[in-house]
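Asks: Below you will find the structure I want to go over with you.
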Amino acid sequence: KKYKKIVKIEKMEQIGAGIFSIWLEDREITFEATAGQFVSLYCRDGSRLLPRPISICEIDKEKGMVRLVFRVAGKGTEEFAKMKPGDFIDVMGPLGNGFTLEGTKAILIGGGIGIPPMLELAKELSCEKQIVLGYRDSDTFLKEEFEPYGTVYVATEDGSIGTKGNVIDAIKGNDLNADIIFACGPAPMLRGVKEYAISHEIKAQISMEERMACGIGACLACVCGKKEKDHHTNVKNTRICKDGPVFYIDDIEL
Ligand code: FES
């Protein structure tokens with residue numbers, strides 16, 4: 001079940017360069033939400049009609065609040081970043097399918113703005129967890145917040161912290177193994193994850209949320225190829241925002 005409603009901002013804080021964390025208060029949305037899902041936020045400015053999809057970073061069922069973490073990447077997200085506690089915002093959600101909780105030893109991989117959804121997943125998964133986070137530089141937002149839930153490995157492009165290189169370099173460098181991989185991040189990272197998962201015969205779920213633009217099925221920016229034809233519609237294309245954003249790695253073309 002999803003809702004379209006106006007909700008109150010409880011907390012708003014900048015946690016990195018251009019990265020903002022926002023807690024929204026709403027019992028219904030919080031109750032429905034699961035790790036890997038997202039919400040779409042609408043702008044006040046009527047000239048931007050399509051909303052922006054933002055992944056859910058944490059779900060606090062007790063307080064009835066969801067946390068979103070986003071990067072300012074344009075006018076819409078700029079507007080959200082300027083909002084304050086007590087302000088109200090137009091939200092649709094929760095949207096998307098979310099991750100399936102499975103496995104006994106997992107590698108959770110987050111790259112850049114693909115990191116936030118892995119935090120709620122890390123909290124919900126009860127198996128052994130190795131968490132690999134990829135950043136550009138020493139601005140390692142959210143890293144400490146992962147530490148209670150597993151062993152955290154960091155890769156930075158500039159080598160300032162952890163392994164110099166990408167998340168796959170960190171996995172290889174630390175000799176990690178697992179029976180399930182969960183990943184969210186930009187397409188080049190997901191391609192690397194796919195190659196790694198296939199060559200090591202590890203099952204993998206990936207979130208392709210970076211490809212989404214409106215999150216509500218309206219813009220078609222997220223159309224992507226599937227391996228198999230859909231039984232009902234007989235087509236090989238899928239909209240990430242409707243059928244995803246989480247897919248098993250063999251089901252989707254990257
Ligand atoms: Fe707009 Fe999927 S993101 S249709």
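Order determines the names: the first chain of the structure tokens is A, the second B, and so forth; residues in each chain are numbered 1 upward, and ligands are numbered 1 upward as they are shown.
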What residues of the protein or nucleic acid chains come within 7 Å of ligand 1 when you use only C-alpha atoms and all ligand atoms? Reply as an MDAnalysis selection string.
Replies: chainID A and resid 212:223 239:242
Asks: Run DSSP on the backbone and grab whatever in region 63-100 of chain A lands in strand (DSSP E or B); send it over as a PyMOL selection string.
Replies: chain A and resi 65-71+88-95
Asks: Restricted to N, CA and C atoms, what would the selected residues look like written as a PDB file, in the first residue's frame?
Replies:
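Output file again.pdb is given in full below:
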ATOM      1  N   MET A  65       8.707   7.269  11.962  1.00  0.00           N
ATOM      2  CA  MET A  65       9.456   8.196  11.121  1.00  0.00           C
ATOM      3  C   MET A  65      10.326   7.438  10.116  1.00  0.00           C
ATOM      4  N   VAL A  66      10.469   8.008   8.922  1.00  0.00           N
ATOM      5  CA  VAL A  66      11.422   7.465   7.957  1.00  0.00           C
ATOM      6  C   VAL A  66      12.499   8.512   7.690  1.00  0.00           C
ATOM      7  N   ARG A  67      13.706   7.999   7.445  1.00  0.00           N
ATOM      8  CA  ARG A  67      14.828   8.883   7.155  1.00  0.00           C
ATOM      9  C   ARG A  67      15.201   8.758   5.678  1.00  0.00           C
ATOM     10  N   LEU A  68      15.399   9.893   5.042  1.00  0.00           N
ATOM     11  CA  LEU A  68      15.860   9.906   3.653  1.00  0.00           C
ATOM     12  C   LEU A  68      17.204  10.605   3.618  1.00  0.00           C
ATOM     13  N   VAL A  69      18.113  10.106   2.792  1.00  0.00           N
ATOM     14  CA  VAL A  69      19.388  10.803   2.606  1.00  0.00           C
ATOM     15  C   VAL A  69      19.565  11.022   1.109  1.00  0.00           C
ATOM     16  N   PHE A  70      19.822  12.259   0.729  1.00  0.00           N
ATOM     17  CA  PHE A  70      19.927  12.565  -0.703  1.00  0.00           C
ATOM     18  C   PHE A  70      21.074  13.524  -0.987  1.00  0.00           C
ATOM     19  N   ARG A  71      21.469  13.535  -2.246  1.00  0.00           N
ATOM     20  CA  ARG A  71      22.504  14.476  -2.696  1.00  0.00           C
ATOM     21  C   ARG A  71      21.817  15.583  -3.500  1.00  0.00           C
ATOM     22  N   PHE A  88       6.346  21.326   5.974  1.00  0.00           N
ATOM     23  CA  PHE A  88       5.600  20.192   5.436  1.00  0.00           C
ATOM     24  C   PHE A  88       6.017  19.929   3.997  1.00  0.00           C
ATOM     25  N   ILE A  89       5.967  18.659   3.607  1.00  0.00           N
ATOM     26  CA  ILE A  89       6.394  18.293   2.255  1.00  0.00           C
ATOM     27  C   ILE A  89       5.436  17.244   1.686  1.00  0.00           C
ATOM     28  N   ASP A  90       5.249  17.339   0.380  1.00  0.00           N
ATOM     29  CA  ASP A  90       4.327  16.468  -0.337  1.00  0.00           C
ATOM     30  C   ASP A  90       5.076  15.186  -0.748  1.00  0.00           C
ATOM     31  N   VAL A  91       4.567  14.052  -0.295  1.00  0.00           N
ATOM     32  CA  VAL A  91       5.299  12.790  -0.474  1.00  0.00           C
ATOM     33  C   VAL A  91       4.400  11.713  -1.060  1.00  0.00           C
ATOM     34  N   MET A  92       4.959  10.863  -1.914  1.00  0.00           N
ATOM     35  CA  MET A  92       4.263   9.642  -2.323  1.00  0.00           C
ATOM     36  C   MET A  92       5.136   8.460  -1.938  1.00  0.00           C
ATOM     37  N   GLY A  93       4.530   7.476  -1.268  1.00  0.00           N
ATOM     38  CA  GLY A  93       5.336   6.307  -0.941  1.00  0.00           C
ATOM     39  C   GLY A  93       4.704   5.434   0.131  1.00  0.00           C
ATOM     40  N   PRO A  94       5.330   4.369   0.560  1.00  0.00           N
ATOM     41  CA  PRO A  94       6.613   3.912   0.010  1.00  0.00           C
ATOM     42  C   PRO A  94       6.429   3.284  -1.369  1.00  0.00           C
ATOM     43  N   LEU A  95       7.443   3.421  -2.232  1.00  0.00           N
ATOM     44  CA  LEU A  95       7.379   2.929  -3.607  1.00  0.00           C
ATOM     45  C   LEU A  95       8.475   1.888  -3.839  1.00  0.00           C
TER      46      LEU A  95
END
Asks: Select, from A:Lys1, A:Lys226, A:Arg191, A:Arg136, the residue with the minimum atom-to-atom distance to Asp158 (chain A), counting only C-alpha atoms.
Replies: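 Looking only at the distances to Asp158 (chain A), the closest residue turns out to be A:Arg136.
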Asks: What is the distance between CA of Gln130 (chain A) and CA of Pro148 (chain A), in Å to one decimal?
Replies: 11.4 Å
Asks: For Ile171 (chain A), which of A:Leu49, A:Val246, A:Ile131, A:Ala81 is the closest residue, counting only C-alpha atoms?
Replies: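 Distance minimum relative to Ile171 (chain A) lands on A:Ile131.
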Asks: When distances are computed from only C-alpha atoms, which of A:Ile6, A:Leu176, A:Cys184, A:Val72 shows the smallest separation from Ile115 (chain A)?
Replies: A:Cys184
Asks: Enumerate the residues of region 10-169 of chain A with a DSSP assignment of alpha helix (DSSP H), computed from the backbone, and present them as a ChimeraX atom specification.
Replies: /A:27-32,75-81,116-124,143-146,167-169
Asks: How far is it from CA of Phe20 (chain A) to CA of Tyr3 (chain A), in Å with one decimal?
Replies: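 CA of Phe20 (chain A) sits 23.2 Å away from CA of Tyr3 (chain A).
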Asks: Write out as a list in words which residues come within 8 Å of Lys61 (chain A) when counting only C-alpha atoms, dropping same-chain ones fewer than 6 positions away.
Replies: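 Answer for this query is Arg27, Thr30 and Phe31 of chain A.
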Asks: Once you have the residues from the selection above, write them out as an mmCIF file, in the first residue's frame, restricted to N, CA and C atoms.
Replies:
data_model
loop_
_atom_site.group_PDB
_atom_site.id
_atom_site.type_symbol
_atom_site.label_atom_id
_atom_site.label_comp_id
_atom_site.auth_asym_id
_atom_site.auth_seq_id
_atom_site.Cartn_x
_atom_site.Cartn_y
_atom_site.Cartn_z
ATOM 1 N N ARG A 27 3.147 7.872 10.385
ATOM 2 C CA ARG A 27 2.974 6.489 10.845
ATOM 3 C C ARG A 27 2.622 5.540 9.709
ATOM 4 N N THR A 30 5.651 4.939 7.303
ATOM 5 C CA THR A 30 6.664 4.210 8.067
ATOM 6 C C THR A 30 6.258 2.757 8.269
ATOM 7 N N PHE A 31 4.992 2.535 8.578
ATOM 8 C CA PHE A 31 4.506 1.184 8.837
ATOM 9 C C PHE A 31 4.655 0.294 7.607
#
Asks: Using only C-alpha atoms, determine which residues lie at most 9 Å from Ile180 (chain A), disregarding the query and same-chain residues fewer than 6 positions distant; provide the list as number ranges by chain.
Replies: A: 102-108, 197, 202-205
Asks: CA of Cys127 (chain A) to CA of Val193 (chain A): how many Å, to one decimal?
Replies: 20.3 Å
Asks: Kindly indicate which residue among A:Leu254, A:Ala73, A:Ile249, A:Val152 lies nearest to Ala170 (chain A), using only C-alpha atoms for the distances.
Replies: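 Between A:Leu254, A:Ala73, A:Ile249, A:Val152, the residue approaching Ala170 (chain A) most closely is A:Val152.
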Asks: I need the residue nearest Phe38 (chain A) from this list: A:Lys172, A:Lys123, A:Lys75, A:Lys2. Use only C-alpha atoms for the distance.
Replies: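 That would be A:Lys2, the residue with the smallest distance to Phe38 (chain A).
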